[in-house]
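A.B. asks: Structure incoming, see below.
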Amino acid sequence: MDRHELGHTDCLLDENPRMSKNYLIIGASSGVGAALCRELSARNHTVVHASRQPDTAALGAKAVTWDARDDAFPTDELPETLDGLVYCPGSIRLKPFGRIKPEEFRDDFELNLVGAVKAIQAALPALARSESASVLLFSTVAVQTGMPYHASVAAAKGAVEGLTRSLAAEFAPSIRVNAIAPTLTDTPLAARLLGSEEKRRAAAERHPLKRVIAPEETARTALWLLEDAPSVTGQIIRLDAGIGSLHLL
């Protein structure tokens, strides 16, 4: 196929509209979840988003109130068929290990892991009705790259990575399960770490690519895993500006 024919084929592919699908995003009130909700809605997908205060974000999607720590998931709010579930809630509890209370470890574990378990179990019947369902979770670069003061969140997200691989094996071939492990991202959750230009420059300087990740970039990676990665499952995708694997002399 010559270049002209290839270009014509690409044009034909671009003209084919995507089939509208049903997605559930947990934690879409801000940050990555909100960016992903906007991306999916712009592609004419039907999106339900759930969080403790879902009405704080005008996302043009169905809003459901749900506290991942305390509430049973409201399954009656889900569509009969669900093509994707994204669990975004996370925490950044940075403390010396000796100052982290056991209840703080439990709190991070409840939010990051148990909340995801509750959501997936509630949505599983609807996911099973899809012809190509996908579950997407979030970890952190601190799991695979030891970082000081990250003991609580790294332990909780390490459990999320284990859950990702286990469910990918159990749900194959009908449901794909992956996770994204980003470095520090410019979201409200990280506001105290990026609250000044000096802090932002220092954070960027720690990374080989000298940058802080934007939530829209993470959302595009999530979109790829949901829509355009039919052969990807059981993977932890690092989105870390090189900090997890590169050491520059």
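Residue numbers start at 1 in each chain; chains themselves are named A, B, ... in the order of the structure tokens; ligands are numbered from 1 in the order shown.
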Can you write out as CSV which residues of stretch 45-163 of chain A fall within 8 Å of stretch 18-26 of chain A, alongside each residue's closest atom pair and its distance in Å to one decimal, counting only C-alpha atoms and ordering rows by chain and ascending residue number?

C.D. replies:
residue,atom,partner,partner_atom,distance
A:His45,CA,A:Ser20,CA,4.7
A:Thr46,CA,A:Asn22,CA,4.8
A:Val47,CA,A:Tyr23,CA,4.8
A:Val48,CA,A:Leu24,CA,4.8
A:His49,CA,A:Ile25,CA,4.7
A:Ala50,CA,A:Ile26,CA,4.9
A:Ser51,CA,A:Ile26,CA,6.0
A:Leu78,CA,A:Leu24,CA,7.9
A:Pro79,CA,A:Asn22,CA,7.3
A:Thr81,CA,A:Asn22,CA,7.1
A:Leu82,CA,A:Asn22,CA,5.1
A:Asp83,CA,A:Asn22,CA,5.3
A:Gly84,CA,A:Tyr23,CA,4.7
A:Leu85,CA,A:Leu24,CA,4.8
A:Val86,CA,A:Ile25,CA,4.7
A:Tyr87,CA,A:Ile26,CA,4.8
A:Cys88,CA,A:Ile26,CA,5.7
A:Pro89,CA,A:Ile26,CA,6.9

A.B. asks: Would you pick out the contacts of A:Ala151 at 8 Å or less, using only C-alpha atoms, so that residues sharing its chain but fewer than 3 positions from it are not included, and give the list as a VMD selection string?

C.D. replies: chain A and resid 94 to 95 97 148 154 to 155

A.B. asks: As a list in words, please: the residues near A:Arg238 (cut-off 7 Å, only C-alpha atoms, same-chain neighbours under 3 positions excluded).

C.D. replies: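 Here the answer would be Val141, Ile180, Ala181 and Pro182 of chain A.
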
A.B. asks: Could you build a table of the residues in stretch 137-221 of chain A lying no more than 7 Å from stretch 108-126 of chain A, giving for each the nearest pair of atoms and their separation in Å rounded to one decimal place, using only C-alpha atoms, ordered by chain and ascending residue number, as a tab-separated table?

C.D. replies:
residue	atom	partner	partner_atom	distance
A:Ser152	CA	A:Asp108	CA	6.8
A:Val153	CA	A:Asp108	CA	6.4
A:Ala156	CA	A:Phe109	CA	4.9
A:Lys157	CA	A:Asn112	CA	6.6
A:Ala159	CA	A:Leu113	CA	6.6
A:Val160	CA	A:Leu113	CA	5.6

A.B. asks: As a PyMOL selection string, please: the residues near A:Ile237 (cut-off 12 Å, only C-alpha atoms, same-chain neighbours under 5 positions excluded).

C.D. replies: chain A and resi 136-141+144+161+164+177-183+218+221-222+224-225+232+244

A.B. asks: Using the chain letters and numbers from this document, which residues of stretch 20-170 of chain A does DSSP assign to strand (DSSP E), as a PyMOL selection string?

C.D. replies: chain A and resi 22-26+46-51+62-65+84-87+133-138

A.B. asks: Run DSSP on the backbone and grab whatever in stretch 58-179 of chain A lands in alpha helix (DSSP H); send it over as a VMD selection string.

C.D. replies: chain A and resid 102 to 109 115 to 128 151 to 171

A.B. asks: Please provide the set of residues having any atom within 12 Å of A:Arg220, restricted to only C-alpha atoms, with same-chain residues fewer than 3 positions apart removed, written as a list in words.

C.D. replies: Val32, Gly33, Ala34, Ala35, Leu36, Cys37, Arg38, Glu39, Leu40, Ile180, Ile213, Ala214, Pro215, Glu216, Glu217, Leu223, Trp224, Leu225, Leu226, Glu227, Asp228 and Leu239 of chain A

A.B. asks: Rank nothing, just name the residue among A:Thr75, A:His150, A:Ser245, A:Thr185 nearest to A:Gly98, using only C-alpha atoms.

C.D. replies: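 When distances to A:Gly98 are compared using only C-alpha atoms, the smallest one comes from A:His150.
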
A.B. asks: Which is closest to A:Ala133 among A:Gly195, A:Gly158, A:Pro102, A:Pro230, if we use only C-alpha atoms?

C.D. replies: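 Result for the nearest residue to A:Ala133: A:Pro230.
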